[in-house]
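Structure file work-v6.txt; described as compact mmCIF, N, CA and C atoms.
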# COMPACT_ATOMS: atom_id res chain seq x y z
N MET A 1 99.52 87.19 106.99
CA MET A 1 99.12 88.07 108.08
C MET A 1 100.11 89.23 108.17
N ALA A 2 99.60 90.40 108.41
CA ALA A 2 100.45 91.60 108.53
C ALA A 2 100.49 92.06 109.98
N VAL A 3 101.65 92.58 110.37
CA VAL A 3 101.83 93.13 111.70
C VAL A 3 102.18 94.61 111.55
N ASP A 4 101.39 95.48 112.18
CA ASP A 4 101.68 96.92 112.16
C ASP A 4 102.87 97.20 113.06
N VAL A 5 103.80 98.04 112.58
CA VAL A 5 105.01 98.35 113.34
C VAL A 5 105.10 99.86 113.62
N HIS A 6 105.08 100.68 112.59
CA HIS A 6 105.13 102.15 112.69
C HIS A 6 106.33 102.65 113.50
N GLU A 7 107.53 102.11 113.20
CA GLU A 7 108.75 102.53 113.89
C GLU A 7 109.70 103.23 112.94
N PRO A 8 110.44 104.23 113.44
CA PRO A 8 111.46 104.88 112.60
C PRO A 8 112.55 103.87 112.21
N ILE A 9 113.05 104.01 110.99
CA ILE A 9 114.13 103.16 110.49
C ILE A 9 115.14 104.03 109.76
N GLU A 10 116.33 103.47 109.53
CA GLU A 10 117.33 104.13 108.70
C GLU A 10 117.27 103.49 107.33
N VAL A 11 117.28 104.33 106.28
CA VAL A 11 117.15 103.84 104.91
C VAL A 11 118.28 104.39 104.06
N SER A 12 118.83 103.52 103.23
CA SER A 12 119.76 103.94 102.18
C SER A 12 118.96 103.94 100.89
N ALA A 13 119.06 105.06 100.15
CA ALA A 13 118.28 105.19 98.92
C ALA A 13 119.11 105.91 97.86
N VAL A 14 118.73 105.71 96.62
CA VAL A 14 119.38 106.37 95.49
C VAL A 14 118.30 106.99 94.60
N PHE A 15 118.71 107.96 93.81
CA PHE A 15 117.82 108.50 92.79
C PHE A 15 118.16 107.80 91.49
N THR A 16 117.16 107.20 90.86
CA THR A 16 117.31 106.53 89.59
C THR A 16 116.27 107.09 88.63
N ARG A 17 116.75 107.67 87.54
CA ARG A 17 115.86 108.27 86.53
C ARG A 17 114.86 109.25 87.18
N GLY A 18 115.36 110.05 88.10
CA GLY A 18 114.54 111.07 88.74
C GLY A 18 113.60 110.56 89.82
N ARG A 19 113.72 109.30 90.20
CA ARG A 19 112.85 108.74 91.24
C ARG A 19 113.68 108.21 92.40
N LEU A 20 113.12 108.35 93.59
CA LEU A 20 113.77 107.86 94.80
C LEU A 20 113.57 106.35 94.90
N LYS A 21 114.68 105.62 95.11
CA LYS A 21 114.61 104.17 95.18
C LYS A 21 115.33 103.70 96.44
N PRO A 22 114.58 103.21 97.45
CA PRO A 22 115.24 102.66 98.64
C PRO A 22 115.96 101.36 98.26
N VAL A 23 117.19 101.17 98.79
CA VAL A 23 117.95 99.97 98.46
C VAL A 23 118.20 99.08 99.68
N SER A 24 118.11 99.64 100.88
CA SER A 24 118.26 98.85 102.10
C SER A 24 117.74 99.65 103.28
N PHE A 25 117.48 98.94 104.38
CA PHE A 25 117.08 99.63 105.60
C PHE A 25 117.58 98.88 106.82
N ILE A 26 117.68 99.61 107.91
CA ILE A 26 118.08 99.04 109.19
C ILE A 26 116.90 99.19 110.14
N TRP A 27 116.50 98.07 110.70
CA TRP A 27 115.42 98.05 111.69
C TRP A 27 115.96 97.31 112.90
N GLY A 28 115.98 98.00 114.03
CA GLY A 28 116.60 97.43 115.22
C GLY A 28 118.09 97.30 114.94
N ARG A 29 118.61 96.13 115.08
CA ARG A 29 120.03 95.89 114.80
C ARG A 29 120.25 95.12 113.51
N ARG A 30 119.16 94.88 112.76
CA ARG A 30 119.28 94.09 111.54
C ARG A 30 119.29 94.97 110.29
N HIS A 31 120.07 94.54 109.32
CA HIS A 31 120.18 95.22 108.03
C HIS A 31 119.40 94.40 107.00
N TYR A 32 118.52 95.05 106.25
CA TYR A 32 117.69 94.40 105.24
C TYR A 32 118.03 94.97 103.88
N LYS A 33 118.53 94.13 102.98
CA LYS A 33 118.80 94.55 101.61
C LYS A 33 117.52 94.35 100.80
N ILE A 34 117.08 95.40 100.14
CA ILE A 34 115.84 95.34 99.36
C ILE A 34 116.14 94.68 98.02
N SER A 35 115.46 93.56 97.76
CA SER A 35 115.68 92.83 96.51
C SER A 35 114.70 93.26 95.43
N LYS A 36 113.53 93.78 95.84
CA LYS A 36 112.53 94.19 94.86
C LYS A 36 111.55 95.17 95.49
N ILE A 37 111.18 96.18 94.72
CA ILE A 37 110.11 97.10 95.11
C ILE A 37 108.86 96.64 94.38
N THR A 38 107.85 96.23 95.12
CA THR A 38 106.64 95.68 94.50
C THR A 38 105.52 96.70 94.38
N GLY A 39 105.64 97.83 95.05
CA GLY A 39 104.62 98.86 94.95
C GLY A 39 105.12 100.19 95.48
N VAL A 40 104.61 101.27 94.87
CA VAL A 40 104.94 102.63 95.30
C VAL A 40 103.65 103.44 95.26
N TYR A 41 103.43 104.24 96.29
CA TYR A 41 102.24 105.10 96.31
C TYR A 41 102.57 106.39 97.05
N ARG A 42 101.78 107.42 96.77
CA ARG A 42 101.96 108.74 97.39
C ARG A 42 100.68 109.09 98.12
N TYR A 43 100.83 109.72 99.29
CA TYR A 43 99.66 110.17 100.06
C TYR A 43 100.06 111.38 100.88
N LEU A 44 99.08 112.05 101.45
CA LEU A 44 99.33 113.24 102.26
C LEU A 44 99.05 112.97 103.73
N VAL A 45 99.90 113.53 104.59
CA VAL A 45 99.65 113.59 106.03
C VAL A 45 99.71 115.06 106.36
N GLY A 46 98.55 115.67 106.55
CA GLY A 46 98.49 117.12 106.69
C GLY A 46 98.99 117.75 105.41
N ALA A 47 99.97 118.63 105.51
CA ALA A 47 100.54 119.28 104.32
C ALA A 47 101.76 118.53 103.77
N SER A 48 102.14 117.43 104.42
CA SER A 48 103.36 116.71 104.02
C SER A 48 103.06 115.60 103.03
N ALA A 49 103.82 115.58 101.94
CA ALA A 49 103.74 114.47 101.00
C ALA A 49 104.49 113.29 101.60
N CYS A 50 103.89 112.11 101.50
CA CYS A 50 104.51 110.88 101.98
C CYS A 50 104.55 109.88 100.83
N TYR A 51 105.58 109.06 100.84
CA TYR A 51 105.75 108.04 99.82
C TYR A 51 105.84 106.69 100.50
N GLY A 52 104.99 105.77 100.08
CA GLY A 52 105.00 104.44 100.64
C GLY A 52 105.58 103.46 99.63
N TYR A 53 106.34 102.51 100.12
CA TYR A 53 106.96 101.48 99.29
C TYR A 53 106.67 100.12 99.90
N THR A 54 106.25 99.19 99.08
CA THR A 54 106.16 97.80 99.48
C THR A 54 107.39 97.13 98.90
N VAL A 55 108.20 96.51 99.77
CA VAL A 55 109.50 95.98 99.33
C VAL A 55 109.71 94.55 99.82
N ARG A 56 110.52 93.83 99.07
CA ARG A 56 110.93 92.48 99.46
C ARG A 56 112.38 92.51 99.94
N SER A 57 112.62 91.75 101.00
CA SER A 57 113.97 91.51 101.50
C SER A 57 113.99 90.08 102.00
N GLY A 58 114.81 89.25 101.37
CA GLY A 58 114.79 87.83 101.73
C GLY A 58 113.41 87.27 101.49
N ASP A 59 112.87 86.54 102.48
CA ASP A 59 111.53 85.97 102.37
C ASP A 59 110.45 86.93 102.85
N GLY A 60 110.84 88.11 103.35
CA GLY A 60 109.88 89.02 103.95
C GLY A 60 109.36 90.08 102.99
N LEU A 61 108.16 90.56 103.29
CA LEU A 61 107.54 91.66 102.56
C LEU A 61 107.27 92.76 103.59
N TYR A 62 107.74 93.97 103.27
CA TYR A 62 107.70 95.08 104.22
C TYR A 62 107.09 96.31 103.58
N GLU A 63 106.40 97.11 104.37
CA GLU A 63 105.92 98.40 103.91
C GLU A 63 106.71 99.47 104.66
N ILE A 64 107.40 100.33 103.89
CA ILE A 64 108.16 101.42 104.47
C ILE A 64 107.63 102.73 103.91
N SER A 65 107.84 103.82 104.62
CA SER A 65 107.34 105.11 104.13
C SER A 65 108.32 106.22 104.46
N LEU A 66 108.25 107.26 103.64
CA LEU A 66 109.02 108.47 103.86
C LEU A 66 108.06 109.64 103.99
N ASN A 67 108.11 110.34 105.11
CA ASN A 67 107.35 111.58 105.30
C ASN A 67 108.29 112.71 104.92
N THR A 68 108.01 113.41 103.82
CA THR A 68 108.93 114.45 103.33
C THR A 68 108.88 115.72 104.17
N GLY A 69 107.83 115.92 104.93
CA GLY A 69 107.76 117.09 105.82
C GLY A 69 108.69 116.93 107.01
N GLU A 70 108.72 115.73 107.58
CA GLU A 70 109.58 115.43 108.73
C GLU A 70 110.92 114.83 108.30
N MET A 71 111.00 114.37 107.04
CA MET A 71 112.17 113.65 106.53
C MET A 71 112.51 112.46 107.42
N ILE A 72 111.46 111.67 107.70
CA ILE A 72 111.60 110.48 108.53
C ILE A 72 111.08 109.27 107.76
N TRP A 73 111.90 108.22 107.73
CA TRP A 73 111.48 106.94 107.19
C TRP A 73 110.91 106.10 108.33
N ARG A 74 109.89 105.30 108.02
CA ARG A 74 109.29 104.40 109.00
C ARG A 74 109.02 103.04 108.39
N LEU A 75 109.16 102.01 109.21
CA LEU A 75 108.67 100.70 108.85
C LEU A 75 107.22 100.66 109.32
N GLU A 76 106.30 100.55 108.39
CA GLU A 76 104.87 100.61 108.72
C GLU A 76 104.31 99.23 109.04
N ARG A 77 104.67 98.22 108.21
CA ARG A 77 104.07 96.92 108.32
C ARG A 77 105.03 95.83 107.87
N VAL A 78 104.90 94.65 108.48
CA VAL A 78 105.65 93.46 108.07
C VAL A 78 104.62 92.40 107.70
N HIS A 79 104.82 91.76 106.54
CA HIS A 79 103.89 90.74 106.04
C HIS A 79 104.54 89.38 106.00
N GLY A 80 103.73 88.36 106.15
CA GLY A 80 104.16 86.99 105.88
C GLY A 80 105.29 86.49 106.74
N HIS A 81 106.27 85.86 106.10
CA HIS A 81 107.37 85.15 106.77
C HIS A 81 108.06 86.00 107.84
N GLY A 82 108.33 87.27 107.54
CA GLY A 82 109.05 88.12 108.48
C GLY A 82 108.16 88.75 109.54
N SER A 83 106.87 88.33 109.62
CA SER A 83 105.96 89.05 110.51
C SER A 83 105.97 88.58 111.95
N GLY A 84 106.82 87.66 112.29
CA GLY A 84 106.89 87.23 113.69
C GLY A 84 107.70 88.22 114.50
N VAL A 85 107.18 89.44 114.61
CA VAL A 85 107.89 90.55 115.24
C VAL A 85 107.96 90.35 116.73
Mind converting the file's structure to structure tokens?
Amino acid sequence: MAVDVHEPIEVSAVFTRGRLKPVSFIWGRRHYKISKITGVYRYLVGASACYGYTVRSGDGLYEISLNTGEMIWRLERVHGHGSGV
């Protein structure tokens, strides 16, 4: 089961081989180290390019996004084990 969140988060990311790779994020007071990126997609919100990432941290699966027009990262969705928000 997935829970929609749509909250701003802080993300640490690096560029690897010309691509942006999130490595951890802070949601609320908790720090989540990303162990695996399971999906990446691009979409538009108005004129802004956005990048969505499905990531694993611990037992949880999370969807995070970057809106390049606003330069804001968001936690969009929490799946499975970590979804008891």
Got a sec to check which residues sit within 10 Å of (106.8, 111.2, 109.8), counting only C-alpha atoms, and write them as a list in words?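 All residues meeting the 10 Å criterion around (106.8, 111.2, 109.8) are His6, Glu7, Pro8, Val45, Ser48, Ala49, Cys50, Ser65, Leu66, Asn67, Thr68, Gly69, Glu70, Met71, Ile72, Trp73 and Arg74 of chain A.
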So the first atom is atom C of Ile37 of chain A and the second is atom CA of Ser57 of chain A; what is the distance between them in Å, to one decimal place?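 Computing the Euclidean distance for atom C of Ile37 of chain A and atom CA of Ser57 of chain A yields 10.2 Å.
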Of the candidates A:Ala13, A:Val78, A:Val5, A:Ile34, which one gets nearest to Tyr62 of chain A if we count only C-alpha atoms?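 Checking each candidate against Tyr62 of chain A, we get A:Val78 as the closest.
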For atom CA of Val40 of chain A and atom CA of Val55 of chain A, quote the distance in Å rounded to one decimal. 9.0 Å
Mind listing the strand (DSSP E or B) residues of chain A, per DSSP on the backbone, as a ChimeraX atom specification? /A:2-8,10-16,19-27,30-33,36-45,48-57,60-67,72-79
To one decimal place, how far is atom CA of Trp27 of chain A from atom CA of Ile9 of chain A in Å?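 Going from atom CA of Trp27 of chain A over to atom CA of Ile9 of chain A covers 5.4 Å.
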With DSSP run on the backbone, what are the helix (DSSP H, G or I) residues within chain A? I'd like them as a ChimeraX atom specification. /A:80-83
Can you tell me which residues surround Asp4 of chain A at a distance of at most 9 Å, considering only C-alpha atoms, apart from same-chain residues fewer than 4 positions away, and format the answer as number ranges by chain? A: 75-79
Please output segment 11-22 of chain A, rebuilt to include all heavy atoms, as a compact mmCIF listing (two decimals), keeping the file's coordinate frame.
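Output below, filename rebuild25.txt:
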# COMPACT_ATOMS: atom_id res chain seq x y z
N VAL A 11 117.28 104.33 106.28
CA VAL A 11 117.15 103.84 104.91
C VAL A 11 118.28 104.39 104.06
O VAL A 11 118.62 105.57 104.16
CB VAL A 11 115.78 104.25 104.31
CG1 VAL A 11 115.69 103.86 102.84
CG2 VAL A 11 114.64 103.63 105.10
N SER A 12 118.83 103.52 103.23
CA SER A 12 119.76 103.94 102.18
C SER A 12 118.96 103.94 100.89
O SER A 12 118.25 102.98 100.58
CB SER A 12 120.93 102.97 102.05
OG SER A 12 121.72 103.00 103.20
N ALA A 13 119.06 105.06 100.15
CA ALA A 13 118.28 105.19 98.92
C ALA A 13 119.11 105.91 97.86
O ALA A 13 120.05 106.62 98.19
CB ALA A 13 116.99 105.95 99.19
N VAL A 14 118.73 105.71 96.62
CA VAL A 14 119.38 106.37 95.49
C VAL A 14 118.30 106.99 94.60
O VAL A 14 117.14 106.60 94.66
CB VAL A 14 120.24 105.38 94.67
CG1 VAL A 14 121.38 104.83 95.49
CG2 VAL A 14 119.40 104.26 94.09
N PHE A 15 118.71 107.96 93.81
CA PHE A 15 117.82 108.50 92.79
C PHE A 15 118.16 107.80 91.49
O PHE A 15 119.31 107.80 91.05
CB PHE A 15 117.99 110.01 92.65
CG PHE A 15 117.23 110.77 93.69
CD1 PHE A 15 117.86 111.21 94.84
CD2 PHE A 15 115.89 111.04 93.53
CE1 PHE A 15 117.17 111.91 95.81
CE2 PHE A 15 115.17 111.73 94.49
CZ PHE A 15 115.83 112.17 95.64
N THR A 16 117.16 107.20 90.86
CA THR A 16 117.31 106.53 89.59
C THR A 16 116.27 107.09 88.63
O THR A 16 115.08 107.01 88.91
CB THR A 16 117.12 105.00 89.74
OG1 THR A 16 118.03 104.53 90.71
CG2 THR A 16 117.34 104.28 88.44
N ARG A 17 116.75 107.67 87.54
CA ARG A 17 115.86 108.27 86.53
C ARG A 17 114.86 109.25 87.18
O ARG A 17 113.68 109.24 86.87
CB ARG A 17 115.13 107.19 85.74
CG ARG A 17 116.04 106.40 84.84
CD ARG A 17 115.28 105.37 84.02
NE ARG A 17 116.08 104.18 83.93
CZ ARG A 17 115.84 103.04 84.58
NH1 ARG A 17 114.80 102.91 85.33
NH2 ARG A 17 116.64 102.03 84.44
N GLY A 18 115.36 110.05 88.10
CA GLY A 18 114.54 111.07 88.74
C GLY A 18 113.60 110.56 89.82
O GLY A 18 112.77 111.32 90.32
N ARG A 19 113.72 109.30 90.20
CA ARG A 19 112.85 108.74 91.24
C ARG A 19 113.68 108.21 92.40
O ARG A 19 114.77 107.68 92.20
CB ARG A 19 112.01 107.61 90.67
CG ARG A 19 111.06 108.12 89.62
CD ARG A 19 110.04 107.12 89.31
NE ARG A 19 109.10 107.73 88.37
CZ ARG A 19 107.90 107.32 88.19
NH1 ARG A 19 107.45 106.29 88.83
NH2 ARG A 19 107.10 107.94 87.33
N LEU A 20 113.12 108.35 93.59
CA LEU A 20 113.77 107.86 94.80
C LEU A 20 113.57 106.35 94.90
O LEU A 20 112.45 105.85 94.78
CB LEU A 20 113.18 108.55 96.03
CG LEU A 20 113.81 108.22 97.37
CD1 LEU A 20 115.27 108.67 97.40
CD2 LEU A 20 113.04 108.90 98.48
N LYS A 21 114.68 105.62 95.11
CA LYS A 21 114.61 104.17 95.18
C LYS A 21 115.33 103.70 96.44
O LYS A 21 116.56 103.79 96.53
CB LYS A 21 115.29 103.57 93.95
CG LYS A 21 115.31 102.06 93.96
CD LYS A 21 116.06 101.53 92.75
CE LYS A 21 116.20 100.02 92.86
NZ LYS A 21 117.07 99.49 91.81
N PRO A 22 114.58 103.21 97.45
CA PRO A 22 115.24 102.66 98.64
C PRO A 22 115.96 101.36 98.26
O PRO A 22 115.43 100.55 97.48
CB PRO A 22 114.09 102.41 99.61
CG PRO A 22 112.87 102.32 98.77
CD PRO A 22 113.12 103.13 97.54
